[in-house]
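Undergrad: I am attaching a structure below and will ask some questions about it afterwards.
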Amino acid sequence: MKKIMFFGVMLSVFFTGCANLSTILSEDANATYNFRKTRWGFTQERVELTEQGNRIHFRQRDVLIYKSSIAGVPALLVYTFKDNKLRTAGYVTQKPLKAAENITKHSQEVLGPPTSVLADGMMWKTLNSIIYSHSYTSHVTVGSSTYRNTTGGVLSHLPLNLPKGSPGNITRSDGVWSYIDRAFYNELQEMNYPLGELSFYEKLLFGIVQRRGVSVFGMEGGRSVTIPNQ
């Protein structure tokens with residue numbers, strides 16, 4: 001008799017869980033989302049449900065990260081939370097890449113002209129979100145080739161259109177495309193933008209923190225010198 005009762009309880013829990021999952025999926029099927037298939041205020045567990053099938057790269061109480069890509073650029077897909085409520089999300093590059101600026105190009109193609117052009121990036125304002133996109137040079141390798149472009153040699157009297165940089169220089173960039181809960185953004189405005197309120201990944205998504213750029217100079221004998229950019 002006890003076994004039958006226990007089995008009945010387990011079935012009840014199972015079907016209740018299925019009903020809850022079915023309700024969530026039904027709601028999401030007809031929802032208007034703020035970022036991907038999520039809305040502001042989602043719990044971490046709810047976000048994981050929308051990203052099921054994607055392997056979690058990093059997780060803490062206030063952040064959930066997946067390895068992903070956007071516009072053909074490898075990037076981290078980041079969700080951040082406060083009190084288990086989603087408040088920012090977006091894409092950030094994990095390392096300097098040659099094509100990171102494709103992220104900002106793609107954001108313009110998707111969103112159209114920005115609401116504001118900032119000193120460091122672009123910003124769009126919607127009813128529920130603040131959207132930010134930016135790419136910047138973060139790694140320059142100088143002298144990686146035996147050869148370099150000159151002013152033109154025997155053709156110096158002609159108006160040459162030499163490629164930007166030279167074969168000896170390789171430039172890599174970082175990029176970010178982020179979405180911020182507008183209610184949270186408005187709260188920060190009222191609090192005069194306290195940085196202590198933001199986690200590290202939120203500072204990345206806000207564009208407050210950027211990778212410190214470096215220049216790597218090739219030397220004779222295969223040696224190299226790395227100098228941080230100011």
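Ligands are numbered from 1 in the order shown, residues from 1 within each chain, and chains are lettered A, B, ... in the order they appear in the structure tokens.
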Residues at most 12 Å from Gly53 (chain A), counting only C-alpha atoms, excluding those fewer than 5 positions away in the same chain, as number ranges by chain?

TA: A: 48, 66-67

Undergrad: Please, could you write that set of residues out with C-alpha atoms as a compact mmCIF listing (two decimals), in the first residue's frame?

TA:
# COMPACT_ATOMS: atom_id res chain seq x y z
CA GLU A 48 18.80 27.88 -19.05
CA TYR A 66 27.73 30.13 -23.11
CA LYS A 67 30.24 29.87 -25.93

Undergrad: Phe200 (chain A): which residues within 10 Å, counting only C-alpha atoms, same-chain residues fewer than 4 positions away excluded, as a list in words?

TA: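 After dropping sequence-adjacent residues, the list is Val63, Thr80, Leu195, Gly196, Leu204, Leu205, Phe206, Ile208 and Val209 of chain A.
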
Undergrad: Create the file for the chosen residues now, containing N, CA and C atoms and written as a compact mmCIF listing (two decimals), in the first residue's frame.

TA:
# COMPACT_ATOMS: atom_id res chain seq x y z
N VAL A 63 25.71 35.22 -12.93
CA VAL A 63 26.07 35.24 -14.35
C VAL A 63 25.96 33.83 -14.95
N THR A 80 23.35 38.20 -17.19
CA THR A 80 23.65 38.57 -15.81
C THR A 80 22.36 38.80 -15.03
N LEU A 195 29.21 52.51 -10.04
CA LEU A 195 29.90 51.37 -10.64
C LEU A 195 29.87 50.15 -9.74
N GLY A 196 29.78 50.38 -8.43
CA GLY A 196 29.76 49.26 -7.50
C GLY A 196 28.53 48.38 -7.66
N LEU A 204 31.58 44.91 -18.72
CA LEU A 204 31.95 44.59 -20.11
C LEU A 204 30.79 44.91 -21.05
N LEU A 205 29.59 44.50 -20.67
CA LEU A 205 28.42 44.72 -21.51
C LEU A 205 28.08 46.20 -21.63
N PHE A 206 28.36 46.97 -20.61
CA PHE A 206 28.11 48.41 -20.63
C PHE A 206 29.19 49.17 -21.40
N ILE A 208 32.06 49.80 -20.10
CA ILE A 208 32.84 50.52 -19.09
C ILE A 208 34.23 49.91 -18.96
N VAL A 209 34.31 48.59 -19.13
CA VAL A 209 35.58 47.88 -19.08
C VAL A 209 35.89 47.37 -20.48

Undergrad: For Gly207 (chain A), list every protein, DNA or RNA residue within 9 Å, evaluated using only C-alpha atoms, and leave out those in the same chain fewer than 5 positions away; present the list as a ChimeraX atom specification.

TA: /A:120-121,132-134,176,178,202

Undergrad: Find the residues around Arg87 (chain A) up to 10 Å (only C-alpha atoms counted), leave out those fewer than 5 positions away in its own chain, and share them as a PyMOL selection string.

TA: chain A and resi 39-43+79-82+129+179-185+202

Undergrad: Can I get the selected residues back with N, CA, C and O atoms, as an mmCIF file, in the first residue's frame?

TA:
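Written output follows (out.cif):
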data_model
loop_
_atom_site.group_PDB
_atom_site.id
_atom_site.type_symbol
_atom_site.label_atom_id
_atom_site.label_comp_id
_atom_site.auth_asym_id
_atom_site.auth_seq_id
_atom_site.Cartn_x
_atom_site.Cartn_y
_atom_site.Cartn_z
ATOM 1 N N ARG A 39 13.165 37.316 -21.530
ATOM 2 C CA ARG A 39 12.606 38.611 -21.152
ATOM 3 C C ARG A 39 13.234 39.040 -19.836
ATOM 4 O O ARG A 39 13.675 38.212 -19.025
ATOM 5 N N TRP A 40 13.277 40.335 -19.623
ATOM 6 C CA TRP A 40 13.839 40.858 -18.378
ATOM 7 C C TRP A 40 13.067 40.301 -17.187
ATOM 8 O O TRP A 40 11.839 40.215 -17.211
ATOM 9 N N GLY A 41 13.813 39.927 -16.158
ATOM 10 C CA GLY A 41 13.197 39.351 -14.966
ATOM 11 C C GLY A 41 13.177 37.837 -14.963
ATOM 12 O O GLY A 41 12.832 37.230 -13.944
ATOM 13 N N PHE A 42 13.556 37.195 -16.081
ATOM 14 C CA PHE A 42 13.628 35.737 -16.097
ATOM 15 C C PHE A 42 14.615 35.264 -15.032
ATOM 16 O O PHE A 42 15.637 35.892 -14.793
ATOM 17 N N THR A 43 14.320 34.136 -14.412
ATOM 18 C CA THR A 43 15.265 33.521 -13.485
ATOM 19 C C THR A 43 16.371 32.839 -14.280
ATOM 20 O O THR A 43 16.245 32.596 -15.485
ATOM 21 N N TYR A 79 24.624 36.244 -19.827
ATOM 22 C CA TYR A 79 23.410 36.680 -19.132
ATOM 23 C C TYR A 79 23.797 37.042 -17.706
ATOM 24 O O TYR A 79 24.484 36.274 -17.037
ATOM 25 N N THR A 80 23.348 38.201 -17.194
ATOM 26 C CA THR A 80 23.652 38.566 -15.810
ATOM 27 C C THR A 80 22.356 38.797 -15.034
ATOM 28 O O THR A 80 21.343 39.216 -15.600
ATOM 29 N N PHE A 81 22.438 38.534 -13.738
ATOM 30 C CA PHE A 81 21.248 38.545 -12.886
ATOM 31 C C PHE A 81 21.506 39.314 -11.597
ATOM 32 O O PHE A 81 22.653 39.436 -11.150
ATOM 33 N N LYS A 82 20.443 39.799 -11.003
ATOM 34 C CA LYS A 82 20.481 40.343 -9.643
ATOM 35 C C LYS A 82 19.249 39.815 -8.934
ATOM 36 O O LYS A 82 18.124 39.950 -9.439
ATOM 37 N N SER A 129 14.381 48.307 -23.518
ATOM 38 C CA SER A 129 15.812 47.987 -23.491
ATOM 39 C C SER A 129 16.679 49.153 -23.925
ATOM 40 O O SER A 129 16.251 49.997 -24.726
ATOM 41 N N TYR A 179 22.398 44.103 -24.435
ATOM 42 C CA TYR A 179 21.026 44.535 -24.168
ATOM 43 C C TYR A 179 20.884 44.717 -22.657
ATOM 44 O O TYR A 179 21.304 43.864 -21.875
ATOM 45 N N ILE A 180 20.287 45.835 -22.257
ATOM 46 C CA ILE A 180 20.159 46.184 -20.836
ATOM 47 C C ILE A 180 18.698 46.480 -20.532
ATOM 48 O O ILE A 180 18.037 47.222 -21.284
ATOM 49 N N ASP A 181 18.196 45.908 -19.461
ATOM 50 C CA ASP A 181 16.836 46.198 -19.009
ATOM 51 C C ASP A 181 16.698 47.703 -18.775
ATOM 52 O O ASP A 181 17.434 48.281 -17.978
ATOM 53 N N ARG A 182 15.762 48.341 -19.470
ATOM 54 C CA ARG A 182 15.662 49.797 -19.368
ATOM 55 C C ARG A 182 15.267 50.239 -17.960
ATOM 56 O O ARG A 182 15.692 51.296 -17.502
ATOM 57 N N ALA A 183 14.480 49.427 -17.279
ATOM 58 C CA ALA A 183 14.117 49.765 -15.895
ATOM 59 C C ALA A 183 15.364 49.786 -15.020
ATOM 60 O O ALA A 183 15.519 50.670 -14.166
ATOM 61 N N PHE A 184 16.267 48.831 -15.230
ATOM 62 C CA PHE A 184 17.527 48.799 -14.486
ATOM 63 C C PHE A 184 18.388 50.000 -14.858
ATOM 64 O O PHE A 184 18.994 50.648 -13.994
ATOM 65 N N TYR A 185 18.442 50.325 -16.150
ATOM 66 C CA TYR A 185 19.209 51.481 -16.621
ATOM 67 C C TYR A 185 18.684 52.775 -15.990
ATOM 68 O O TYR A 185 19.466 53.631 -15.558
ATOM 69 N N GLU A 202 28.868 42.765 -16.354
ATOM 70 C CA GLU A 202 27.990 43.886 -16.679
ATOM 71 C C GLU A 202 28.808 45.104 -17.116
ATOM 72 O O GLU A 202 28.404 45.837 -18.025
#

Undergrad: Here is a test: counting only C-alpha atoms, which residue of A:Thr126, A:Thr50, A:Thr93, A:Ser68 is nearest to Thr38 (chain A)?

TA: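 Once distances to Thr38 (chain A) are computed over only C-alpha atoms, the minimum belongs to A:Thr50.
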
Undergrad: When distances are computed from only C-alpha atoms, which of A:Leu118, A:Ile56, A:Ala100, A:Leu49 shows the smallest separation from Ser69 (chain A)?

TA: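 Once distances to Ser69 (chain A) are computed over only C-alpha atoms, the minimum belongs to A:Ala100.
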
Undergrad: With only C-alpha atoms as the atoms that count, which of A:Arg36, A:Arg55, A:Lys125, A:His106 lies nearest to Asn186 (chain A)?

TA: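 Among the listed residues, the smallest separation from Asn186 (chain A) belongs to A:Lys125.
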
Undergrad: From region 35-229 of chain A, collect each residue whose DSSP state is helix (DSSP H, G or I) and return the set as a VMD selection string.

TA: chain A and resid 44 to 50 101 to 111 153 to 155 182 to 190 195 to 197 200 to 206 220 to 222

Undergrad: Can you list, as a tab-separated table (two decimals) with all heavy atoms, in the first residue's frame, every protein, DNA or RNA residue that comes within 9 Å of Pro96 (chain A) when you count only C-alpha atoms, leaving out same-chain residues fewer than 3 positions away?

TA:
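Final output, saved to out10.tsv:
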chain	number	residue	atom	x	y	z
A	93	THR	N	33.45	39.44	-27.09
A	93	THR	CA	34.53	38.59	-27.58
A	93	THR	C	35.39	38.12	-26.42
A	93	THR	O	35.63	38.86	-25.47
A	93	THR	CB	35.40	39.35	-28.60
A	93	THR	OG1	35.69	40.66	-28.09
A	93	THR	CG2	34.66	39.50	-29.92
A	99	ALA	N	38.08	39.90	-37.14
A	99	ALA	CA	36.80	40.34	-37.70
A	99	ALA	C	35.80	40.78	-36.63
A	99	ALA	O	34.60	40.74	-36.85
A	99	ALA	CB	36.20	39.23	-38.55
A	100	ALA	N	36.27	41.22	-35.47
A	100	ALA	CA	35.36	41.59	-34.39
A	100	ALA	C	34.44	42.75	-34.78
A	100	ALA	O	33.32	42.87	-34.27
A	100	ALA	CB	36.14	41.95	-33.13
A	137	THR	N	40.11	48.34	-31.51
A	137	THR	CA	41.39	47.67	-31.71
A	137	THR	C	42.04	47.38	-30.36
A	137	THR	O	42.18	48.27	-29.52
A	137	THR	CB	42.33	48.54	-32.55
A	137	THR	OG1	41.73	48.78	-33.83
A	137	THR	CG2	43.68	47.86	-32.75
A	138	SER	N	42.42	46.12	-30.15
A	138	SER	CA	42.99	45.74	-28.86
A	138	SER	C	44.32	45.00	-28.97
A	138	SER	O	44.97	44.74	-27.97
A	138	SER	CB	41.99	44.87	-28.09
A	138	SER	OG	41.59	43.77	-28.88
A	139	HIS	N	44.73	44.66	-30.19
A	139	HIS	CA	45.99	43.92	-30.34
A	139	HIS	C	46.57	44.21	-31.72
A	139	HIS	O	45.92	43.96	-32.74
A	139	HIS	CB	45.72	42.42	-30.18
A	139	HIS	CG	46.98	41.59	-30.04
A	139	HIS	ND1	47.81	41.30	-31.10
A	139	HIS	CD2	47.54	41.00	-28.96
A	139	HIS	CE1	48.82	40.56	-30.67
A	139	HIS	NE2	48.68	40.36	-29.39
A	171	THR	N	46.20	43.57	-37.25
A	171	THR	CA	45.36	44.23	-36.25
A	171	THR	C	44.21	43.32	-35.86
A	171	THR	O	43.54	42.74	-36.72
A	171	THR	CB	44.79	45.55	-36.80
A	171	THR	OG1	45.87	46.42	-37.13
A	171	THR	CG2	43.91	46.23	-35.76
A	172	ARG	N	44.00	43.19	-34.57
A	172	ARG	CA	42.87	42.41	-34.05
A	172	ARG	C	42.04	43.29	-33.12
A	172	ARG	O	42.56	44.23	-32.51
A	172	ARG	CB	43.36	41.16	-33.31
A	172	ARG	CG	44.05	40.14	-34.20
A	172	ARG	CD	44.51	38.93	-33.41
A	172	ARG	NE	45.09	37.90	-34.28
A	172	ARG	CZ	46.34	37.87	-34.66
A	172	ARG	NH1	47.18	38.83	-34.27
A	172	ARG	NH2	46.79	36.90	-35.43
A	173	SER	N	40.75	42.95	-33.03
A	173	SER	CA	39.83	43.80	-32.27
A	173	SER	C	38.99	42.98	-31.31
A	173	SER	O	38.90	41.75	-31.42
A	173	SER	CB	38.91	44.57	-33.23
A	173	SER	OG	39.66	45.33	-34.15
A	174	ASP	N	38.35	43.68	-30.39
A	174	ASP	CA	37.33	43.10	-29.51
A	174	ASP	C	36.01	43.80	-29.79
A	174	ASP	O	35.98	44.94	-30.29
A	174	ASP	CB	37.71	43.27	-28.04
A	174	ASP	CG	38.62	42.16	-27.56
A	174	ASP	OD1	38.10	41.06	-27.31
A	174	ASP	OD2	39.84	42.38	-27.46
A	175	GLY	N	34.92	43.13	-29.47
A	175	GLY	CA	33.62	43.71	-29.72
A	175	GLY	C	32.60	43.32	-28.67
A	175	GLY	O	32.78	42.33	-27.95
A	211	ARG	N	39.25	45.54	-22.94
A	211	ARG	CA	40.54	44.88	-22.87
A	211	ARG	C	41.65	45.92	-23.09
A	211	ARG	O	41.54	46.77	-23.98
A	211	ARG	CB	40.67	43.80	-23.95
A	211	ARG	CG	41.91	42.92	-23.77
A	211	ARG	CD	42.05	41.96	-24.96
A	211	ARG	NE	40.84	41.23	-25.22
A	211	ARG	CZ	40.46	40.12	-24.57
A	211	ARG	NH1	41.22	39.64	-23.60
A	211	ARG	NH2	39.34	39.51	-24.88

Undergrad: Could you check the closest approach to Gln94 (chain A) for each of A:Leu188, A:Ile170, A:Val142, A:Ile65 and tell me which residue wins, using only C-alpha atoms?

TA: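 Smallest separation from Gln94 (chain A) among the options: A:Ile65.
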